[in-house]
2 protein chains.
Amino acid sequence: MPNIYLYQMKKLLFFLLVPMLALAQSGDEKMLRQIHDQALTQSKGYGWLDHLCNQIGPRLSGSEGAEKAVQYTKSEMDKLGFDKVFLQEVMVPKWVRGKKESAFILNGKSKISVPICALGGSVGTPKDGLTAQVIEVKNLSDLPALADQIKGKIVFFNHPMIPENINAFHSYGEAGRVRWMGPREAAKYGAVGTICRSLNLRLDDFPHTGSMGYGDLPVSQHIPAAAISTNGAELLSKMLRENPNLKFRFSQDCQSMGEVLSYNVIGEVKGSEHPDRIMVVGGHLDSWDLADGAHDDGAGVVQSMEVFRIFKSMGYRPKNTLRVVLFMNEENGGRGGKQYNDDAQAKGENHIFALESDCGGFSPRGFSFQASDANFEKMSAYRDLLSPYLIHVFDRGHSGSDIEPLQSANIVKAGLMPDTQRYFDYHHAATDTFDAINKRELELGAAAMASLVYLIDQHSIAP
Amino acid sequence: MPNIYLYQMKKLLFFLLVPMLALAQSGDEKMLRQIHDQALTQSKGYGWLDHLCNQIGPRLSGSEGAEKAVQYTKSEMDKLGFDKVFLQEVMVPKWVRGKKESAFILNGKSKISVPICALGGSVGTPKDGLTAQVIEVKNLSDLPALADQIKGKIVFFNHPMIPENINAFHSYGEAGRVRWMGPREAAKYGAVGTICRSLNLRLDDFPHTGSMGYGDLPVSQHIPAAAISTNGAELLSKMLRENPNLKFRFSQDCQSMGEVLSYNVIGEVKGSEHPDRIMVVGGHLDSWDLADGAHDDGAGVVQSMEVFRIFKSMGYRPKNTLRVVLFMNEENGGRGGKQYNDDAQAKGENHIFALESDCGGFSPRGFSFQASDANFEKMSAYRDLLSPYLIHVFDRGHSGSDIEPLQSANIVKAGLMPDTQRYFDYHHAATDTFDAINKRELELGAAAMASLVYLIDQHSIAP
């Protein structure tokens, strides 16, 4: 049928009209193209991540998985041709979940199981669980008005992430503050436990863990704190409207076990022109314990390693010293980032640039900068070079938790900003597994990072 | 531990520094914000798509599913408050797959099963299957040199999509041409069948179907054509290197059954100022038969319906006439798009704008325009308004297969351009199901479309 035939050929021909880069290219343009070709055809990142997720698994600070991840990434980095690869000692808190948690809504004669998990840092419940009436609030600021009703009850913080923000991380702040501070604020009013709605933009059955802190509260007032899945939170809220006197029972077996020795893993190649100027590229090696930490932050780890692998296979030796730093303990202490900065300060090192990937292994869209006005303007000049790769959205704001402590006179800090829409489907939950990673998206993130490092290395910011 | 405490608060505080739009906003800015709020909080698109995928399922032209989809979307559109909703008759080709295909690599005594599927439009094999030696080529252009070796064999087109393109669609053209033309070109040299590597950028076990055409070839030379999964293609190629004399056997039961009556589904609201100027927003209702067509193109269908629902719930009545058109038969004939244009021409209608969503329900990144230089420049002025929503990548190129035939003096045609990296994991394969859709990404796509329609409606291009 010639009709169909013509139609179909026309349809395909459109895709043949590829805007190939046939025009004269600058040296920078050629390098960025080469970086992307390398990342999309020769990447080792996906294989490394497969091992981290499927051979090693969860990597909570102080766990066997974290230790194995240190050894594995060290041994892989040893093969990449750095000048040196070394471990930097870091003392980290060790917290263990123990037996799987359970929870029930007790409504008259009915007993409905709901999915919960302990928040990181929480104490456990008594062995037989904790049973009490529930009082639902949305915000920390709702507590004072309910002061006399809280005593002896479980406070249920039902604070949804708001859907209207285009950048999903912008909905994380307020809801995250409730998760972090809720338990200690509720304890001050005599609550016996807290249940926090999971930080997730969709309705599903997975509880999302994450840190909480008791602050200065005396140990006697440390109450158990858990997260409940978003569907569980909707159900509990609905049932409370129907019967405000229902009870909630939950059991958790978690405990803090002091501090243990762990490590940042660091690979370094000396700068050919400015060995004293240091650029850091990193992600964090630890993850929460409910899954394999594929997006948070296995992706950032292997992308950081990829940056150096790409340079090496292109025969590109940076003018400035490049360090790939795999930080330990981002999730529940931030000790790795602090330790790295402490050591850098003690040695009087001059860091000109730090780049972290810790927003998931999704399609990259640009970078979020912490930099002086002058430096940000300098960065902005790179946008045209990056736009063919669709990584030219430049914001100012958070860079990365692990590089946050890093201080240096004229430093530029940046975070890779991937597409954010799916991040909280996986964040700190059992869903953060290898199969949630798309190979090309992961590789493009690494290429974006290598591109920015290359441009900064070439057109150096700082003397 | 105050150490952790401070660290954690700092980490969260960063996300509280949301760049809220507190500045004075123009009318356009307010409307785009409202469009996005509507899409992210009140969307019906995800629910409609759930029904299309999970209640109706595959919707190949002429199938029961396609018919049900016409009725369902018509009835849903009837509820939305259009001035009128109507069906436009279209004759479409009907092709049926029949029994599930099977295929084996026959290598000495071993018989290895590999996943294949018939290409759309192909004839079947004899009942007991077709068994022959295999000759592997990469391109159509490889055939002439092998002319005397092809007779009586199965030609295996092993043309991978190249990974280097940032826009995955740019790798579709050449590989797609092999799929479309391979069978008839091979038949000219006496091949008895063809096997085509699936159009997929990753290695997996899913065969991807899609159209092929016999062109002017006499019926007697119509040979069966199938697609093989990428892993299957890799295996077959490896085994052929080891034993060029191995045989391949495949069975398929498919056949063409002439033409049947079907429909485009159209909702129309008359323009308040320019009822004679028409804007079209659409996607295609038909899908391939191997899955539910969630991304291709259920997403585009429900996003198009959402555009009008968003306007309606905002109380926005367009100045120009708006039509939501759900096209039939994009996949294997393009009859719906052609019919729509034929009718428009016959009535002397003036179309000023057409927008199609047919690149998947992924995070939107911008639009691809077919427009005059002057009109494209006019469009480009909208980029600043769209950049807060990260939908400001404007390209020129393909708009959409269904709006491609549409002709009007000063028309602007555009395609929604979502992130492309995951598209070919699902395209025309059994993986294109509802669970591959992220609700927020789908909704943001609809908001992007409504935003562009709104801007064009307000700042009209054409007299």
# chains A, B, ... in the order shown; residues from 1 in each chain; ligands from 1

$ residues_around --residues "stretch 238-241 of chain A" --least-positions-apart "4" --cutoff "10 Å" --atoms "only C-alpha atoms" --output "PyMOL selection string"
chain A and resi 105+107+133-136+232-234+245-247

$ select_by_dssp --residues "stretch 133-318 of chain A" --states "helix (DSSP H, G or I)" --output "ChimeraX atom specification"
/A:140-142,144-150,168-188,219-221,230-242,294-313

$ residues_around --residues "A:Lys338" --least-positions-apart "5" --cutoff "12 Å" --atoms "only C-alpha atoms" --output "ChimeraX atom specification"
/A:88-92,264,327-330,333,343-345,401-407 /B:3-4,6-7

$ residues_around --residues "stretch 418-425 of chain A" --least-positions-apart "6" --cutoff "8 Å" --atoms "only C-alpha atoms" --output "number ranges by chain"
A: 167-169, 199-202, 295, 359-366, 431, 445; B: 363, 438, 440-441

$ closest_residue --among "A:Asn54, A:Gln42, A:Ser61, A:Gln25" --to "chain B" --atoms "only C-alpha atoms"
A:Gln42

$ residues_around --residues "B:Val114" --least-positions-apart "2" --cutoff "7 Å" --atoms "only C-alpha atoms" --output "list in words"
Ala103, Phe104, Ile112, Ile116 and Gly232 of chain B

$ select_by_dssp --residues "stretch 101-277 of chain B" --states "strand (DSSP E or B)" --output "PyMOL selection string"
chain B and resi 102-107+110-113+116-118+120+130-137+154-157+193-197+211+225-228+247-251+255-269+274-277

$ residues_around --residues "stretch 62-68 of chain A" --least-positions-apart "5" --cutoff "12 Å" --atoms "only C-alpha atoms" --output "NGL selection string"
:A and (51-57 or 73-75 or 87 or 90-97 or 256-265 or 284-289 or 291-293 or 298 or 326-333 or 335)

$ write_last_selection --atoms "N, CA and C atoms" --output "tab-separated table (two decimals), in the first residue's frame"
chain	number	residue	atom	x	y	z
A	51	HIS	N	27.38	-4.35	41.03
A	51	HIS	CA	28.09	-5.03	42.11
A	51	HIS	C	27.73	-4.42	43.48
A	52	LEU	N	27.77	-3.10	43.57
A	52	LEU	CA	27.46	-2.42	44.84
A	52	LEU	C	26.06	-2.81	45.35
A	53	CYS	N	25.11	-2.88	44.41
A	53	CYS	CA	23.72	-3.15	44.80
A	53	CYS	C	23.45	-4.64	44.99
A	54	ASN	N	23.89	-5.43	44.03
A	54	ASN	CA	23.44	-6.82	44.00
A	54	ASN	C	24.42	-7.80	44.64
A	55	GLN	N	25.69	-7.43	44.73
A	55	GLN	CA	26.65	-8.29	45.43
A	55	GLN	C	26.85	-7.82	46.87
A	56	ILE	N	26.85	-6.51	47.09
A	56	ILE	CA	27.09	-5.97	48.43
A	56	ILE	C	25.78	-5.61	49.13
A	57	GLY	N	24.94	-4.83	48.48
A	57	GLY	CA	23.64	-4.50	49.07
A	57	GLY	C	23.69	-3.28	49.99
A	73	THR	N	35.27	-0.59	46.34
A	73	THR	CA	35.55	0.61	45.54
A	73	THR	C	37.04	0.94	45.58
A	74	LYS	N	37.67	0.69	46.72
A	74	LYS	CA	39.13	0.90	46.79
A	74	LYS	C	39.82	0.01	45.75
A	75	SER	N	39.43	-1.26	45.69
A	75	SER	CA	40.10	-2.18	44.76
A	75	SER	C	39.81	-1.81	43.32
A	87	LEU	N	42.61	5.27	51.95
A	87	LEU	CA	41.46	5.32	52.84
A	87	LEU	C	41.70	6.40	53.90
A	90	VAL	N	37.49	7.60	59.45
A	90	VAL	CA	36.36	8.39	59.94
A	90	VAL	C	35.65	7.57	61.02
A	91	MET	N	35.39	8.17	62.17
A	91	MET	CA	34.57	7.50	63.17
A	91	MET	C	33.10	7.77	62.83
A	92	VAL	N	32.32	6.70	62.78
A	92	VAL	CA	30.90	6.87	62.39
A	92	VAL	C	29.97	6.25	63.43
A	93	PRO	N	28.77	6.81	63.59
A	93	PRO	CA	27.79	6.20	64.48
A	93	PRO	C	27.28	4.91	63.88
A	94	LYS	N	27.04	3.93	64.74
A	94	LYS	CA	26.47	2.66	64.26
A	94	LYS	C	25.09	2.48	64.86
A	95	TRP	N	24.13	2.35	63.99
A	95	TRP	CA	22.74	2.15	64.42
A	95	TRP	C	22.22	0.92	63.71
A	96	VAL	N	21.52	0.06	64.42
A	96	VAL	CA	21.03	-1.15	63.76
A	96	VAL	C	19.51	-1.28	63.94
A	97	ARG	N	18.87	-1.77	62.91
A	97	ARG	CA	17.41	-1.85	62.90
A	97	ARG	C	16.89	-3.04	63.69
A	256	SER	N	21.10	2.18	68.96
A	256	SER	CA	22.38	2.79	68.63
A	256	SER	C	23.48	2.04	69.37
A	257	MET	N	24.61	1.83	68.69
A	257	MET	CA	25.67	1.02	69.27
A	257	MET	C	27.00	1.76	69.30
A	258	GLY	N	26.94	3.04	69.59
A	258	GLY	CA	28.17	3.82	69.72
A	258	GLY	C	28.82	4.11	68.37
A	259	GLU	N	30.12	4.29	68.42
A	259	GLU	CA	30.82	4.66	67.19
A	259	GLU	C	31.82	3.60	66.79
A	260	VAL	N	32.02	3.51	65.48
A	260	VAL	CA	33.00	2.54	64.98
A	260	VAL	C	33.85	3.22	63.90
A	261	LEU	N	34.98	2.59	63.61
A	261	LEU	CA	35.89	3.14	62.61
A	261	LEU	C	35.41	2.77	61.21
A	262	SER	N	35.39	3.76	60.33
A	262	SER	CA	35.13	3.49	58.92
A	262	SER	C	36.01	4.41	58.06
A	263	TYR	N	35.69	4.57	56.79
A	263	TYR	CA	36.62	5.26	55.89
A	263	TYR	C	35.93	6.02	54.77
A	264	ASN	N	36.51	7.14	54.39
A	264	ASN	CA	36.30	7.71	53.06
A	264	ASN	C	37.29	7.02	52.12
A	265	VAL	N	36.89	6.79	50.90
A	265	VAL	CA	37.80	6.21	49.89
A	265	VAL	C	38.18	7.32	48.91
A	284	HIS	N	28.31	9.63	48.08
A	284	HIS	CA	28.52	8.92	49.36
A	284	HIS	C	28.29	7.43	49.26
A	285	LEU	N	29.18	6.72	49.94
A	285	LEU	CA	29.27	5.26	49.86
A	285	LEU	C	28.23	4.59	50.76
A	286	ASP	N	27.88	5.26	51.85
A	286	ASP	CA	26.88	4.65	52.74
A	286	ASP	C	25.48	4.82	52.15
A	287	SER	N	24.58	3.97	52.59
A	287	SER	CA	23.17	4.07	52.18
A	287	SER	C	22.32	3.72	53.38
A	288	TRP	N	21.01	3.89	53.28
A	288	TRP	CA	20.15	3.35	54.30
A	288	TRP	C	20.12	1.83	54.16
A	289	ASP	N	19.48	1.20	55.13
A	289	ASP	CA	19.58	-0.26	55.23
A	289	ASP	C	18.40	-1.00	54.61
A	291	ALA	N	17.33	-0.95	51.47
A	291	ALA	CA	17.53	-1.40	50.09
A	291	ALA	C	19.00	-1.25	49.73
A	292	ASP	N	19.27	-1.24	48.44
A	292	ASP	CA	20.66	-1.26	47.99
A	292	ASP	C	21.24	0.12	47.75
A	293	GLY	N	20.46	1.16	48.01
A	293	GLY	CA	20.97	2.50	47.81
A	293	GLY	C	21.46	2.71	46.38
A	298	GLY	N	24.51	5.12	45.48
A	298	GLY	CA	25.37	4.31	44.64
A	298	GLY	C	25.64	4.98	43.31
A	326	LEU	N	34.85	9.20	47.87
A	326	LEU	CA	33.63	8.46	48.20
A	326	LEU	C	33.44	8.60	49.71
A	327	PHE	N	32.48	9.42	50.07
A	327	PHE	CA	32.30	9.79	51.48
A	327	PHE	C	31.53	8.72	52.25
A	328	MET	N	31.88	8.58	53.51
A	328	MET	CA	31.16	7.65	54.39
A	328	MET	C	30.23	8.45	55.31
A	329	ASN	N	29.05	7.89	55.57
A	329	ASN	CA	28.17	8.39	56.64
A	329	ASN	C	27.43	9.68	56.31
A	330	GLU	N	27.07	9.86	55.05
A	330	GLU	CA	26.22	11.01	54.74
A	330	GLU	C	24.87	10.89	55.42
A	331	GLU	N	24.33	9.66	55.44
A	331	GLU	CA	22.93	9.49	55.83
A	331	GLU	C	22.63	9.81	57.29
A	332	ASN	N	23.50	9.38	58.18
A	332	ASN	CA	23.16	9.59	59.58
A	332	ASN	C	24.32	10.15	60.40
A	333	GLY	N	24.91	11.22	59.90
A	333	GLY	CA	25.97	11.85	60.67
A	333	GLY	C	26.81	12.83	59.89
A	335	ARG	N	29.71	12.41	58.89
A	335	ARG	CA	31.08	12.43	59.43
A	335	ARG	C	32.15	12.43	58.35

$ closest_residue --among "B:Cys117, B:Val393, B:Leu49, B:Ile195" --to "chain A" --atoms "only C-alpha atoms"
B:Val393

$ closest_residue --among "A:Pro218, A:Val137, A:Asp78, A:Pro163" --to "B:Leu444" --atoms "only C-alpha atoms"
A:Pro163

$ residues_around --residues "B:Cys254" --least-positions-apart "4" --cutoff "12 Å" --atoms "only C-alpha atoms" --output "PDB file with N, CA and C atoms, in the first residue's frame"
ATOM      1  N   LYS B  94      -6.462  -3.565   8.993  1.00  0.00           N
ATOM      2  CA  LYS B  94      -6.525  -4.471  10.136  1.00  0.00           C
ATOM      3  C   LYS B  94      -5.510  -5.587   9.940  1.00  0.00           C
ATOM      4  N   TRP B  95      -4.623  -5.724  10.893  1.00  0.00           N
ATOM      5  CA  TRP B  95      -3.596  -6.775  10.841  1.00  0.00           C
ATOM      6  C   TRP B  95      -3.648  -7.510  12.170  1.00  0.00           C
ATOM      7  N   VAL B  96      -3.601  -8.821  12.120  1.00  0.00           N
ATOM      8  CA  VAL B  96      -3.664  -9.572  13.380  1.00  0.00           C
ATOM      9  C   VAL B  96      -2.453 -10.500  13.521  1.00  0.00           C
ATOM     10  N   ARG B  97      -1.992 -10.593  14.747  1.00  0.00           N
ATOM     11  CA  ARG B  97      -0.770 -11.361  15.028  1.00  0.00           C
ATOM     12  C   ARG B  97      -1.034 -12.868  15.056  1.00  0.00           C
ATOM     13  N   GLY B  98      -2.217 -13.250  15.484  1.00  0.00           N
ATOM     14  CA  GLY B  98      -2.506 -14.688  15.612  1.00  0.00           C
ATOM     15  C   GLY B  98      -1.767 -15.299  16.794  1.00  0.00           C
ATOM     16  N   LYS B  99      -1.421 -16.569  16.669  1.00  0.00           N
ATOM     17  CA  LYS B  99      -0.744 -17.283  17.763  1.00  0.00           C
ATOM     18  C   LYS B  99       0.621 -16.661  18.051  1.00  0.00           C
ATOM     19  N   LYS B 100       1.060 -16.792  19.276  1.00  0.00           N
ATOM     20  CA  LYS B 100       2.367 -16.253  19.664  1.00  0.00           C
ATOM     21  C   LYS B 100       3.460 -16.901  18.810  1.00  0.00           C
ATOM     22  N   GLU B 101       4.410 -16.096  18.409  1.00  0.00           N
ATOM     23  CA  GLU B 101       5.492 -16.570  17.564  1.00  0.00           C
ATOM     24  C   GLU B 101       6.469 -17.439  18.358  1.00  0.00           C
ATOM     25  N   CYS B 117       9.084 -11.491  17.593  1.00  0.00           N
ATOM     26  CA  CYS B 117       7.684 -11.172  17.305  1.00  0.00           C
ATOM     27  C   CYS B 117       7.605 -10.749  15.844  1.00  0.00           C
ATOM     28  N   ALA B 118       6.460 -10.987  15.238  1.00  0.00           N
ATOM     29  CA  ALA B 118       6.275 -10.571  13.847  1.00  0.00           C
ATOM     30  C   ALA B 118       6.291  -9.055  13.762  1.00  0.00           C
ATOM     31  N   LEU B 119       6.848  -8.510  12.692  1.00  0.00           N
ATOM     32  CA  LEU B 119       6.717  -7.076  12.437  1.00  0.00           C
ATOM     33  C   LEU B 119       5.318  -6.810  11.885  1.00  0.00           C
ATOM     34  N   GLY B 120       4.814  -5.654  12.235  1.00  0.00           N
ATOM     35  CA  GLY B 120       3.457  -5.306  11.823  1.00  0.00           C
ATOM     36  C   GLY B 120       3.341  -5.192  10.309  1.00  0.00           C
ATOM     37  N   GLY B 121       2.402  -5.923   9.734  1.00  0.00           N
ATOM     38  CA  GLY B 121       2.218  -5.905   8.285  1.00  0.00           C
ATOM     39  C   GLY B 121       2.804  -7.129   7.615  1.00  0.00           C
ATOM     40  N   SER B 122       3.587  -7.890   8.381  1.00  0.00           N
ATOM     41  CA  SER B 122       4.236  -9.069   7.799  1.00  0.00           C
ATOM     42  C   SER B 122       3.218 -10.159   7.495  1.00  0.00           C
ATOM     43  N   VAL B 123       3.597 -11.026   6.546  1.00  0.00           N
ATOM     44  CA  VAL B 123       2.844 -12.260   6.346  1.00  0.00           C
ATOM     45  C   VAL B 123       3.322 -13.290   7.357  1.00  0.00           C
ATOM     46  N   GLY B 124       2.572 -14.358   7.507  1.00  0.00           N
ATOM     47  CA  GLY B 124       2.971 -15.442   8.395  1.00  0.00           C
ATOM     48  C   GLY B 124       3.947 -16.383   7.709  1.00  0.00           C
ATOM     49  N   THR B 125       4.422 -17.342   8.478  1.00  0.00           N
ATOM     50  CA  THR B 125       5.258 -18.402   7.906  1.00  0.00           C
ATOM     51  C   THR B 125       4.337 -19.566   7.550  1.00  0.00           C
ATOM     52  N   PRO B 126       4.856 -20.564   6.825  1.00  0.00           N
ATOM     53  CA  PRO B 126       4.072 -21.802   6.706  1.00  0.00           C
ATOM     54  C   PRO B 126       3.750 -22.317   8.109  1.00  0.00           C
ATOM     55  N   LYS B 127       2.740 -23.131   8.217  1.00  0.00           N
ATOM     56  CA  LYS B 127       2.249 -23.578   9.518  1.00  0.00           C
ATOM     57  C   LYS B 127       3.337 -24.219  10.374  1.00  0.00           C
ATOM     58  N   ILE B 223       7.768 -11.990   2.056  1.00  0.00           N
ATOM     59  CA  ILE B 223       8.388 -12.976   2.950  1.00  0.00           C
ATOM     60  C   ILE B 223       8.134 -12.574   4.410  1.00  0.00           C
ATOM     61  N   PRO B 224       8.086 -13.551   5.314  1.00  0.00           N
ATOM     62  CA  PRO B 224       7.820 -13.246   6.724  1.00  0.00           C
ATOM     63  C   PRO B 224       8.972 -12.450   7.346  1.00  0.00           C
ATOM     64  N   ALA B 225       8.594 -11.462   8.160  1.00  0.00           N
ATOM     65  CA  ALA B 225       9.584 -10.581   8.787  1.00  0.00           C
ATOM     66  C   ALA B 225       9.307 -10.516  10.286  1.00  0.00           C
ATOM     67  N   ALA B 226      10.352 -10.745  11.061  1.00  0.00           N
ATOM     68  CA  ALA B 226      10.202 -10.720  12.520  1.00  0.00           C
ATOM     69  C   ALA B 226      11.270  -9.832  13.142  1.00  0.00           C
ATOM     70  N   ASP B 289       0.148  -4.153  19.620  1.00  0.00           N
ATOM     71  CA  ASP B 289      -0.669  -5.170  20.292  1.00  0.00           C
ATOM     72  C   ASP B 289       0.054  -5.940  21.382  1.00  0.00           C
TER      73      ASP B 289
END

$ atom_distance --atom1 "atom CA of A:Arg59" --atom2 "atom CA of A:Leu290"
9.5 Å
